[in-house]
Structure formats: C-alpha cells, structure tokens
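Structure file protein.txt (compact mmCIF, C-alpha atoms) follows.
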```txt
# COMPACT_ATOMS: atom_id res chain seq x y z
CA MET L 1 85.89 204.10 31.64
CA ASN L 2 82.11 203.97 31.50
CA SER L 3 80.76 200.74 33.02
CA LYS L 4 78.47 200.10 30.04
CA ILE L 5 81.40 200.43 27.62
CA THR L 6 83.37 198.03 29.84
CA LEU L 7 80.57 195.47 29.64
CA ILE L 8 80.45 195.76 25.86
CA ILE L 9 84.23 195.38 25.69
CA GLN L 10 84.04 192.21 27.80
CA ARG L 11 81.20 190.84 25.68
CA GLU L 12 83.03 191.55 22.41
CA PHE L 13 86.32 190.11 23.69
CA ASN L 14 84.80 186.93 25.13
CA GLN L 15 82.64 186.38 22.09
CA ARG L 16 85.56 186.71 19.66
CA VAL L 17 88.26 184.72 21.48
CA ARG L 18 85.90 181.78 21.98
CA LYS L 19 85.12 181.52 18.29
CA ARG L 20 86.53 178.52 16.48
CA SER L 21 87.88 180.78 13.71
CA PHE L 22 89.94 182.76 16.25
CA ILE L 23 91.43 179.62 17.77
CA ILE L 24 92.21 178.07 14.37
CA SER L 25 93.78 181.24 12.94
CA THR L 26 95.80 181.78 16.13
CA ILE L 27 97.30 178.30 15.76
CA LEU L 28 97.57 178.08 11.98
CA MET L 29 99.19 181.48 11.32
CA PRO L 30 102.37 180.74 13.35
CA ILE L 31 102.58 177.33 11.66
CA LEU L 32 102.25 179.01 8.26
CA MET L 33 104.82 181.71 9.07
CA VAL L 34 107.32 179.21 10.47
CA GLY L 35 106.71 176.94 7.50
CA ILE L 36 107.48 179.75 5.07
CA MET L 37 110.79 180.36 6.86
CA ALA L 38 111.63 176.72 7.57
CA VAL L 39 110.82 175.12 4.21
CA PRO L 40 113.74 176.78 2.34
CA VAL L 41 116.11 175.59 5.10
CA LEU L 42 114.76 172.04 4.95
CA ILE L 43 114.91 172.02 1.15
CA ALA L 44 118.51 173.21 1.26
CA MET L 45 119.38 170.51 3.80
CA TYR L 46 117.47 167.51 2.48
CA GLY L 47 116.11 168.42 -0.91
CA SER L 48 119.35 168.92 -2.83
CA SER L 49 120.01 165.21 -3.39
CA PRO L 50 118.66 164.15 -6.82
CA SER L 51 116.06 161.44 -7.10
CA SER L 52 117.84 159.70 -10.04
CA THR L 53 121.21 159.57 -11.77
CA ARG L 54 121.50 160.89 -15.31
CA GLU L 55 124.19 159.80 -17.74
CA ILE L 56 125.67 162.41 -20.04
CA VAL L 57 127.91 161.17 -22.84
CA VAL L 58 130.78 163.60 -23.53
CA VAL L 59 132.03 163.98 -27.11
CA ASP L 60 135.11 166.19 -26.68
CA SER L 61 137.11 167.11 -29.78
CA SER L 62 139.42 169.39 -27.79
CA GLY L 63 140.52 166.88 -25.16
CA VAL L 64 140.30 169.66 -22.55
CA VAL L 65 136.86 169.48 -20.98
CA ALA L 66 136.09 165.76 -20.78
CA PRO L 67 139.05 164.82 -18.49
CA ALA L 68 138.11 167.60 -16.06
CA LEU L 69 134.42 166.73 -15.67
CA GLN L 70 133.64 165.19 -12.28
CA SER L 71 130.54 163.03 -11.86
CA GLY L 72 128.26 163.81 -8.93
CA GLN L 73 125.00 165.53 -7.90
CA GLY L 74 123.01 162.99 -9.90
CA ILE L 75 125.12 163.32 -13.08
CA VAL L 76 127.49 160.69 -14.50
CA PHE L 77 129.80 161.86 -17.29
CA THR L 78 130.84 159.18 -19.77
CA PRO L 79 133.59 160.25 -22.23
CA THR L 80 133.57 158.66 -25.68
CA THR L 81 135.74 158.84 -28.78
CA MET L 82 132.76 158.33 -31.08
CA PRO L 83 131.45 161.23 -33.14
CA TYR L 84 128.18 162.64 -31.90
CA ASP L 85 126.03 161.11 -34.69
CA SER L 86 127.44 157.65 -33.97
CA ALA L 87 127.19 157.96 -30.18
CA ARG L 88 123.57 159.12 -30.37
CA THR L 89 122.55 155.92 -32.17
CA ALA L 90 124.92 153.55 -30.37
CA PRO L 91 123.09 150.81 -28.41
CA GLN L 92 125.28 151.28 -25.30
CA TYR L 93 124.12 154.89 -25.02
CA SER L 94 120.43 154.29 -25.74
CA GLY L 95 119.57 155.04 -22.10
CA ALA L 96 121.75 158.13 -21.81
CA TYR L 97 120.07 161.33 -20.61
CA GLY L 98 122.03 163.52 -23.01
CA PHE L 99 125.15 164.24 -25.02
CA LEU L 100 127.65 167.04 -24.38
CA VAL L 101 129.50 168.06 -27.53
CA VAL L 102 132.69 170.08 -27.08
CA GLY L 103 134.23 171.80 -30.10
CA PRO L 104 137.95 171.57 -30.94
CA GLN L 105 138.54 175.31 -30.37
CA VAL L 106 136.68 175.54 -27.05
CA VAL L 107 139.69 177.12 -25.28
CA GLU L 108 139.69 180.05 -27.70
CA ASN L 109 135.92 180.00 -28.19
CA PRO L 110 134.13 178.91 -24.96
CA SER L 111 130.77 178.97 -26.76
CA GLU L 112 131.63 175.66 -28.44
CA LEU L 113 129.63 173.77 -25.84
CA THR L 114 126.40 172.09 -26.89
CA LEU L 115 124.14 169.88 -24.79
CA TYR L 116 121.61 167.56 -26.41
CA THR L 117 119.12 165.92 -24.04
CA ARG L 118 116.40 163.33 -24.52
CA GLU L 119 114.34 164.99 -21.78
CA SER L 120 113.90 168.61 -20.78
CA SER L 121 117.12 169.98 -19.32
CA THR L 122 117.29 171.56 -15.86
CA LEU L 123 119.01 174.66 -14.57
CA ALA L 124 121.04 172.60 -12.07
CA ILE L 125 122.47 170.34 -14.81
CA GLU L 126 123.31 173.24 -17.08
CA SER L 127 124.96 175.19 -14.25
CA ASN L 128 127.01 172.14 -13.25
CA ILE L 129 128.32 171.60 -16.78
CA ARG L 130 128.93 175.29 -17.40
CA GLU L 131 130.94 175.75 -14.19
CA GLN L 132 133.09 172.63 -14.66
CA ALA L 133 133.79 173.54 -18.29
CA ARG L 134 134.73 177.08 -17.25
CA GLN L 135 137.24 175.77 -14.72
CA ALA L 136 138.78 173.40 -17.29
CA ILE L 137 139.13 176.15 -19.90
CA TYR L 138 140.56 178.52 -17.29
CA GLN L 139 143.23 176.00 -16.26
CA LYS L 140 144.15 175.35 -19.88
CA ARG L 141 144.53 179.06 -20.58
CA VAL L 142 146.75 179.45 -17.51
CA GLU L 143 148.97 176.62 -18.82
CA GLN L 144 149.13 178.16 -22.29
CA ALA L 145 150.19 181.53 -20.83
CA ASP L 146 153.32 179.81 -19.51
CA VAL L 147 153.79 182.30 -16.66
CA PRO L 148 155.20 180.74 -13.47
CA GLY L 149 152.75 181.03 -10.58
CA LEU L 150 150.08 182.72 -12.76
CA ASP L 151 147.25 180.74 -11.18
CA SER L 152 148.18 181.77 -7.64
CA ILE L 153 148.64 185.37 -8.77
CA LEU L 154 145.18 185.45 -10.29
CA GLN L 155 143.69 183.88 -7.19
CA ARG L 156 145.25 186.57 -5.00
CA LEU L 157 143.85 189.26 -7.29
CA GLN L 158 140.30 188.06 -6.66
CA VAL L 159 138.76 190.28 -3.95
CA ARG L 160 135.59 189.74 -1.93
CA THR L 161 134.91 192.67 0.38
CA THR L 162 133.10 192.48 3.71
CA LEU L 163 131.56 195.67 5.08
CA THR L 164 130.84 195.93 8.79
CA THR L 165 128.59 198.83 9.77
CA TYR L 166 128.63 200.65 13.11
CA LEU L 167 126.22 203.28 14.40
CA LEU L 168 127.78 206.13 16.40
CA ASN L 169 125.81 207.23 19.45
CA ALA L 170 126.60 210.29 21.55
CA GLN L 171 127.64 209.62 25.16
CA ALA L 172 127.16 211.68 28.32
CA ASP L 173 130.90 212.50 28.44
CA GLY L 174 130.75 214.09 24.99
CA GLY L 175 132.28 211.13 23.19
CA GLU L 176 130.71 208.65 20.82
CA ALA L 177 130.20 204.92 21.21
CA ALA L 178 130.04 202.61 18.21
CA LYS L 179 127.45 199.84 18.04
CA GLU L 180 127.33 197.30 15.23
CA SER L 181 124.29 197.79 13.00
CA SER L 182 122.77 196.06 10.01
CA SER L 183 120.74 197.55 7.16
CA ALA L 184 119.40 194.05 6.49
CA ALA L 185 117.99 193.90 10.02
CA SER L 186 116.43 197.34 9.60
CA MET L 187 114.80 196.33 6.33
CA VAL L 188 113.46 193.04 7.69
CA ILE L 189 112.03 194.68 10.82
CA SER L 190 110.59 197.62 8.82
CA TYR L 191 108.79 195.42 6.35
CA ALA L 192 107.58 192.92 8.95
CA MET L 193 106.16 195.50 11.37
CA GLY L 194 104.65 197.66 8.62
CA PHE L 195 102.97 194.70 6.96
CA ILE L 196 101.68 193.33 10.29
CA ILE L 197 100.00 196.67 11.06
CA TYR L 198 98.52 196.75 7.55
CA MET L 199 97.24 193.17 7.89
CA PHE L 200 95.77 193.61 11.37
CA ILE L 201 93.99 196.85 10.49
CA PHE L 202 92.38 195.21 7.49
CA ILE L 203 91.47 191.94 9.23
CA TYR L 204 90.08 193.39 12.44
CA GLY L 205 88.60 196.50 10.86
CA ALA L 206 86.68 194.30 8.44
CA ALA L 207 85.66 192.05 11.37
CA ILE L 208 84.12 195.03 13.19
CA MET L 209 82.31 196.07 10.02
CA GLN L 210 80.97 192.55 9.51
CA GLY L 211 79.92 192.30 13.15
CA VAL L 212 77.98 195.56 12.94
CA ILE L 213 76.27 194.40 9.74
CA GLU L 214 75.23 191.09 11.32
CA GLU L 215 73.82 192.75 14.45
CA LYS L 216 71.95 195.27 12.32
CA SER L 217 70.54 192.59 9.97
CA ASN L 218 69.39 190.46 12.91
CA ARG L 219 67.88 193.50 14.65
CA ILE L 220 70.00 192.69 17.72
CA VAL L 221 71.36 196.23 17.72
CA GLU L 222 67.88 197.64 18.38
CA VAL L 223 67.72 195.69 21.62
CA ILE L 224 71.23 196.68 22.66
CA VAL L 225 70.79 200.42 22.07
CA SER L 226 67.75 200.41 24.33
CA SER L 227 70.22 200.05 27.21
CA VAL L 228 73.33 201.83 25.93
CA LYS L 229 74.02 204.78 23.70
CA PRO L 230 75.13 204.10 20.09
CA PHE L 231 78.50 205.78 20.82
CA GLN L 232 79.08 203.50 23.80
CA LEU L 233 78.23 200.46 21.69
CA MET L 234 80.59 201.50 18.91
CA MET L 235 83.48 202.28 21.28
CA GLY L 236 82.95 199.03 23.17
CA LYS L 237 83.13 197.03 19.93
CA ILE L 238 86.24 198.89 18.75
CA VAL L 239 88.16 198.57 22.02
CA GLY L 240 87.06 194.97 22.53
CA MET L 241 88.29 194.01 19.10
CA ALA L 242 91.56 195.86 19.74
CA LEU L 243 92.16 193.68 22.80
CA VAL L 244 91.40 190.59 20.69
CA ALA L 245 93.97 191.71 18.11
CA LEU L 246 96.63 192.41 20.73
CA THR L 247 95.96 189.06 22.40
CA GLN L 248 96.33 187.19 19.13
CA PHE L 249 99.47 189.12 18.24
CA ALA L 250 101.04 188.35 21.64
CA ILE L 251 100.31 184.63 21.17
CA TRP L 252 101.82 184.74 17.69
CA VAL L 253 104.98 186.41 18.97
CA VAL L 254 105.46 183.73 21.63
CA LEU L 255 104.74 180.81 19.29
CA ILE L 256 106.73 182.08 16.31
CA GLY L 257 109.64 183.19 18.52
CA GLY L 258 109.83 179.79 20.20
CA ALA L 259 109.58 177.96 16.88
CA MET L 260 112.34 180.06 15.32
CA LEU L 261 114.63 179.38 18.28
CA ALA L 262 113.98 175.66 17.82
CA ILE L 263 114.70 175.87 14.09
CA GLN L 264 117.91 177.76 14.77
CA HIS L 265 118.97 175.14 17.33
CA PHE L 266 118.23 172.05 15.26
CA ALA L 267 118.83 173.31 11.72
CA LEU L 268 121.70 175.72 12.20
CA GLY L 269 123.24 173.97 15.19
CA SER L 270 124.67 177.06 16.90
CA ALA L 271 125.28 180.75 16.41
CA ASP L 272 128.71 179.92 14.97
CA ALA L 273 127.01 178.06 12.15
CA MET L 274 124.94 181.06 11.10
CA PRO L 275 125.63 182.72 7.77
CA THR L 276 127.59 185.96 8.08
CA GLU L 277 124.59 188.10 7.10
CA LEU L 278 122.32 186.41 9.66
CA ALA L 279 124.93 186.70 12.39
CA SER L 280 125.27 190.42 11.63
CA ILE L 281 121.51 190.87 11.97
CA VAL L 282 121.45 189.08 15.32
CA LYS L 283 124.39 191.15 16.66
CA SER L 284 122.68 194.40 15.71
CA LEU L 285 119.70 193.65 17.98
CA ASP L 286 119.78 194.31 21.70
CA GLY L 287 117.30 194.61 24.53
CA MET L 288 116.87 198.39 24.38
CA TYR L 289 116.44 198.37 20.61
CA LEU L 290 113.77 195.66 20.75
CA LEU L 291 112.04 197.44 23.64
CA LYS L 292 111.96 200.70 21.68
CA MET L 293 110.57 199.00 18.58
CA THR L 294 107.97 197.10 20.59
CA GLY L 295 106.79 200.32 22.28
CA ALA L 296 106.60 202.17 18.96
CA PHE L 297 104.74 199.27 17.39
CA LEU L 298 102.10 199.23 20.14
CA ILE L 299 101.62 203.01 19.96
CA PHE L 300 101.18 203.19 16.18
CA PHE L 301 99.35 199.90 15.83
CA THR L 302 96.80 200.91 18.48
CA GLY L 303 96.37 204.40 17.03
CA GLY L 304 96.08 203.14 13.46
CA TYR L 305 93.64 200.44 14.42
CA LEU L 306 91.41 202.79 16.41
CA LEU L 307 91.39 205.31 13.56
CA TYR L 308 90.44 202.83 10.86
CA ALA L 309 88.18 200.69 13.04
CA SER L 310 85.93 203.69 13.73
CA MET L 311 85.57 204.25 9.97
CA PHE L 312 84.90 200.55 9.30
CA ALA L 313 82.25 200.59 12.04
CA ALA L 314 80.59 203.62 10.46
CA VAL L 315 80.48 201.90 7.07
CA GLY L 316 79.05 198.73 8.64
CA SER L 317 76.28 200.68 10.31
CA ALA L 318 75.23 202.30 7.05
CA VAL L 319 74.55 199.12 5.04
CA GLU L 320 72.56 195.92 5.45
CA ASN L 321 74.89 193.38 3.79
CA ALA L 322 78.57 192.96 2.95
CA GLN L 323 77.99 193.43 -0.80
CA ASP L 324 76.92 197.03 -0.24
CA THR L 325 80.17 197.97 1.52
CA GLN L 326 82.46 197.97 -1.53
CA GLN L 327 81.77 201.52 -2.68
CA LEU L 328 81.82 202.97 0.84
CA GLN L 329 84.89 200.98 1.84
CA LEU L 330 87.04 202.20 -1.06
CA PRO L 331 87.97 205.61 0.48
CA ILE L 332 89.12 203.76 3.61
CA THR L 333 91.30 201.20 1.85
CA ILE L 334 93.07 203.56 -0.56
CA PRO L 335 95.31 205.20 2.11
CA LEU L 336 96.28 201.76 3.46
CA ILE L 337 97.23 200.43 0.03
CA LEU L 338 99.10 203.65 -0.72
CA ALA L 339 101.03 203.29 2.54
CA ILE L 340 102.20 199.78 1.58
CA VAL L 341 103.35 201.04 -1.83
CA VAL L 342 105.22 204.00 -0.29
CA MET L 343 106.74 201.77 2.40
CA MET L 344 108.91 200.00 -0.20
CA ASN L 345 110.48 203.34 -1.19
CA VAL L 346 110.78 204.42 2.45
CA MET L 347 112.99 201.42 3.24
CA ARG L 348 115.40 202.55 0.51
CA ASP L 349 115.50 206.19 1.66
CA PRO L 350 113.89 206.67 5.11
CA THR L 351 114.94 210.35 5.34
CA SER L 352 113.34 211.50 2.07
CA THR L 353 110.65 214.16 1.94
CA VAL L 354 108.08 211.57 0.87
CA ALA L 355 108.99 209.36 3.83
CA PHE L 356 108.69 212.28 6.26
CA TRP L 357 105.29 213.49 5.13
CA PHE L 358 103.73 210.06 4.80
CA SER L 359 104.93 209.27 8.33
CA ILE L 360 103.24 212.43 9.62
CA ILE L 361 99.89 212.17 7.78
CA PRO L 362 97.66 210.21 10.22
CA PHE L 363 96.06 207.94 7.60
CA THR L 364 99.45 206.54 6.50
CA SER L 365 101.64 207.21 9.54
CA PRO L 366 100.93 203.93 11.41
CA ILE L 367 102.62 201.97 8.60
CA ILE L 368 105.20 204.47 7.33
CA MET L 369 106.48 205.70 10.72
CA ILE L 370 106.95 202.16 12.02
CA ALA L 371 108.81 201.36 8.78
CA ARG L 372 111.15 204.32 9.39
CA MET L 373 111.77 203.61 13.06
CA PRO L 374 114.52 200.94 12.62
CA TYR L 375 116.62 203.46 10.67
CA GLY L 376 116.47 206.05 13.44
CA VAL L 377 113.89 208.84 13.57
CA PRO L 378 114.18 212.05 15.64
CA ALA L 379 112.05 211.91 18.77
CA TRP L 380 110.12 215.04 17.84
CA GLU L 381 108.97 213.45 14.56
CA VAL L 382 107.74 210.35 16.40
CA ALA L 383 105.95 212.46 19.01
CA LEU L 384 104.36 214.71 16.36
CA SER L 385 103.22 211.72 14.29
CA ALA L 386 101.70 209.95 17.32
CA ALA L 387 99.98 213.13 18.54
CA LEU L 388 98.42 213.82 15.13
CA LEU L 389 97.37 210.17 14.82
CA TYR L 390 95.50 210.08 18.12
CA ALA L 391 94.04 213.58 17.63
CA THR L 392 92.73 212.49 14.24
CA PHE L 393 91.26 209.38 15.83
CA LEU L 394 89.32 211.51 18.33
CA LEU L 395 87.99 213.64 15.48
CA ILE L 396 87.12 210.71 13.23
CA VAL L 397 85.50 208.67 15.99
CA SER L 398 83.23 211.59 16.87
CA LEU L 399 82.17 211.89 13.22
CA ALA L 400 81.86 208.11 12.83
CA ALA L 401 79.67 207.98 15.95
CA LYS L 402 77.17 210.34 14.30
CA ILE L 403 77.04 208.14 11.21
CA TYR L 404 76.76 205.06 13.42
CA ARG L 405 73.96 206.62 15.48
CA THR L 406 71.84 207.21 12.36
CA GLY L 407 72.99 204.29 10.22
CA ILE L 408 72.10 201.44 12.57
CA PHE L 409 68.43 202.38 12.30
CA MET L 410 68.39 202.79 8.49
CA TYR L 411 66.93 199.88 6.52
CA GLY L 412 65.90 199.21 2.93
CA LYS L 413 68.28 201.65 1.26
CA LYS L 414 71.99 201.80 0.55
CA PRO L 415 73.18 205.32 1.46
CA THR L 416 75.61 207.32 -0.62
CA LEU L 417 78.65 209.17 0.71
CA ALA L 418 76.74 212.44 0.41
CA GLU L 419 73.95 211.10 2.62
CA MET L 420 76.46 209.87 5.21
CA LEU L 421 77.98 213.36 5.29
CA ARG L 422 74.51 214.79 5.97
CA TRP L 423 74.14 212.39 8.91
CA ILE L 424 77.24 213.97 10.44
CA ARG L 425 75.46 217.34 10.52
CA TYR L 426 72.41 215.96 12.32
CA LYS L 427 72.04 217.17 15.89
CA GLY L 428 70.84 215.03 18.72
```
Once you've parsed the file, please lay out its structure as structure tokens.
Amino acid sequence: MNSKITLIIQREFNQRVRKRSFIISTILMPILMVGIMAVPVLIAMYGSSPSSTREIVVVDSSGVVAPALQSGQGIVFTPTTMPYDSARTAPQYSGAYGFLVVGPQVVENPSELTLYTRESSTLAIESNIREQARQAIYQKRVEQADVPGLDSILQRLQVRTTLTTYLLNAQADGGEAAKESSSAASMVISYAMGFIIYMFIFIYGAAIMQGVIEEKSNRIVEVIVSSVKPFQLMMGKIVGMALVALTQFAIWVVLIGGAMLAIQHFALGSADAMPTELASIVKSLDGMYLLKMTGAFLIFFTGGYLLYASMFAAVGSAVENAQDTQQLQLPITIPLILAIVVMMNVMRDPTSTVAFWFSIIPFTSPIIMIARMPYGVPAWEVALSAALLYATFLLIVSLAAKIYRTGIFMYGKKPTLAEMLRWIRYKG
C-alpha cells in the first residue's frame, strides 16, 4: 500500500479512537444491548411480585366459582352471601378493590362473570380471575357428565407437540450425517448480522461524510492535498474508518459475549435451566458454523462499507455543511432502507427469487446475503455476490474519486446531481 495512504490511515484511526465519543459509544452500546436482553429476565425474576394486595369481594349465585378461587399474586378473594348492591355499600367492604359477580347459570353460560373495580383493572388481575373461573367451571362440567375417569381421559387427549429439526449433510463415504438445527437460531443470527451491517454502514459512512465536510469548511483539506493526491486522501479516510469500525465491533463482541455468559450463569443458573427453545438454539451452534458466519460477516461488511463509504465521501466533498447533504444523500440511503425491508421477507423464505436477486445486487447484497447465510446458501452464490460487490466498489470508488477531486475545491454553491455527474467526465 502507498506510504502516503498508510499515513492517512494511521492519522484517521488514531484521531477517531482517541475521541471521547468513540470511547463512550464503545462502552455504552454493550451496556445498552445487554440491558435490553437482561431487563426482561430481571423483570420476570424480581418484578412479578405485586406492590400491594387487592381485595376482591366475590358474590357467587352459582356456588361454583367462589369456593375454587385461590388468593395469591396480590389478590385476596373474599366470598360473601350479600347481594352485590348491599356488598358494594357495606362498611366492611369500603376498602375493597373490586367485586366479582358470578351468575347462577355460569356453568352453562360462562359469560356470567362480571368484575366491578373502584380503580382501573389490570390485565394480570383479569387473567387470574378468568383462568381460575375456567378451571372451576371445567371441573363442574366434568362432574355433571358423570363419566368415570373423564377428567383423566380429557387430560390424556391434550397434546403438545415438540419438533426437533436436523440438517442432513453429505459425508465423504456417500452417507449423510444429521446435525441438530434451529430456525430460531437462524432467524436471530440473520436479523442481528444484517442489522449490524446496516447500522455500521450508516454510522461510519455518515462519519466519513461529516469528517470531509469539516475539513473542507476549515480549509484543512487544501493543506493536505498539497502533499497527497485527493484519491489517496479519500482512500486513507475510508480504510482508516473501516479499521475503527472493525475495532469497535471486536470490542463489542468481547464485552457483550462476556456479559451474556455472566447473565446466563447468574440468572439461568446452568444450561439445564435454559428454556427448551434457547437450549435448541445453543445446540445448533458449533465452532465451524460460527467461524463460517464470522468470515462471511467480515467479507460482506467490509465490502458493503467500502462501497457506501466511497459514496458518502463523494457527497461530503460536494457540499459545505451537513444541511446540504439531504438531497444528495437520498439516493445512497434508499438501497439500504430497501434492504432492511426485504430482509424481513428473506428470513421467511431465504430461497425465493426476491431473496436471490437482492443478495446478488451489490447495493443490497451486504445485508441480504448475510441474512440468507444462516439458512444455507450455495457456495457459488456467495462467491458471485462477493465478487460483484467488490468489483462494484472498485468502479464506484473510481467515480467517487473524480467527484471528490473536484468537490473539495468547490465553495459557495450546492451542486446538483447533474453537476456531480459532469465532474465524473472531467479529465485530469
């Protein structure tokens, strides 16, 4: 690599990683990500206990529901023989949260359940009452059927299926080996990797654009290009920022991975305590699979970043402030947004025609191909997609360099897309 480009790369990398914003975002993002995943677990563990106990007076004309109601989860059921109108005004029930009125024909008509509350009701309270009443009515109906062992028969008829999925892989001896797989794992990995690429391209592409605008506004770029060519400056900024992005991503992987292992150890206890779905996801992952996904991620992330960063740099060189970038930035952002929209459909059907073509088109392939990878993609499709991506980058960066070469010296006027296309045809 050219020594001048190397110096620019070092300058860009050192300047970025020493910024307070880089250090803060590198630390805060893992905390935020872990918090998003950990908070539901902590709420489930410690947040289910109610802050106060609510009394519900039960007026049961059927004599079926009231005896079966069990107090708990912040609810105390108090049966009464008073009619509802009398109980509502009775002094001993003046502090009651609500009144549950059960009709005399509730066994035949389960809709004869009415809850009156003095405060707004909650979904948890309603679900508790509904489920306990359902069980009481069910037991009464079983008794009325007068069929010996009917309850146990009905219980045996209830079926909850569990589907275990295996992926068949061809072996050298001509046979096939089965490996447990998980569509949930594929979906999680697809979405996570696709969204990370989308996020990093936007964040670091915009950072390059902003950096170019600042250097142009401060006239620093005029000093720099007296020693290096505009193309060398642009490539140095792009590659330097790519190294910053990869460094930050590597730190995030280490921090988030370590935090998730700690959460699993302290919150879940052990692998045996994992939910069935989570255990299936963990079993479906192995070293070779993770290595393949990591390699594919680096290839398509790097290619996608280089492609879009060159366009962001060209836009930054053509304007003097961030407000002027909106119109020029729109053609760049549309393919990225479209890729995120298509990615949701790709995860449902990764072999569809739409999924194939969007994973081949260079402007959407970094996100769509990486979203298809966990479901298994033929090697020739991956190779073709990567080749087209990097070939398109070489073409785009050569065109962007021509815009950059002219744009960094243009002041006092916001260029149109037509003018930027004319800059591409300039010779020199």
- Query: Once you count only C-alpha atoms, which residues end up no further than 12 Å from (99.1, 200.9, 3.5) in the file's frame, shown as a VMD selection string?
  - Reply: chain L and resid 191 193 to 202 304 308 332 to 344 358 to 359 362 to 371
- Selection near Leu243 in chain L, 10 Å with only C-alpha atoms, sequence-local residues under 4 positions removed, as number ranges by chain: L: 9-10, 12-13, 17, 238-239, 247-249, 302
- Shell around Pro415 in chain L at 7 Å using all atoms listed in the file, local window under 4 positions removed, as a PyMOL selection string: chain L and resi 318+419-420
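In terms of minimum interatomic distance to Arg54 in chain L, L:Ser121 ranks closest within L:Asn321, L:Ser121, L:Gln92, L:Ser86, counting all atoms listed in the file.
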- Query: Rounded to one decimal in Å, what is the spacing between CA of Gln327 in chain L and CA of Leu395 in chain L?
  - Reply: 22.7 Å
- Item | Residue neighbourhood Arg16 in chain L, 12 Å, all atoms listed in the file, exclusion window fewer than 2 positions, as a ChimeraX atom specification | /L:9-14,18-23,25-26,204,207-208,211,237,240-245,247-248
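Every protein or nucleic acid residue with an atom no more than 10 Å from Ile408 in chain L, counting only C-alpha atoms and leaving out same-chain residues fewer than 2 positions away, appears here: Val212, Ile213, Glu215, Lys216, Ser217, Arg219, Val221, Glu222, Val225, Pro230, Ala314, Gly316, Ser317, Ala318, Val319, Glu320, Ile403, Tyr404, Arg405, Thr406, Met410 and Tyr411 of chain L.
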- Query: How many Å separate CA of Glu131 in chain L from CA of Ser94 in chain L?
  - Reply: 26.5 Å
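The smallest atom-to-atom distance between Ala309 in chain L and any of L:Gly258, L:Gly376, L:Gly205, L:Pro350, using all atoms listed in the file, is found for L:Gly205.
Atom pair CA of Gln155 in chain L / CA of Val64 in chain L: separated by 21.2 Å.
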- So which residues touch Ala87 in chain L within 12 Å, counting only C-alpha atoms, skipping near sequence neighbours fewer than 3 positions away, as a PyMOL selection string? chain L and resi 56-60+78-84+90-96+98-101+116
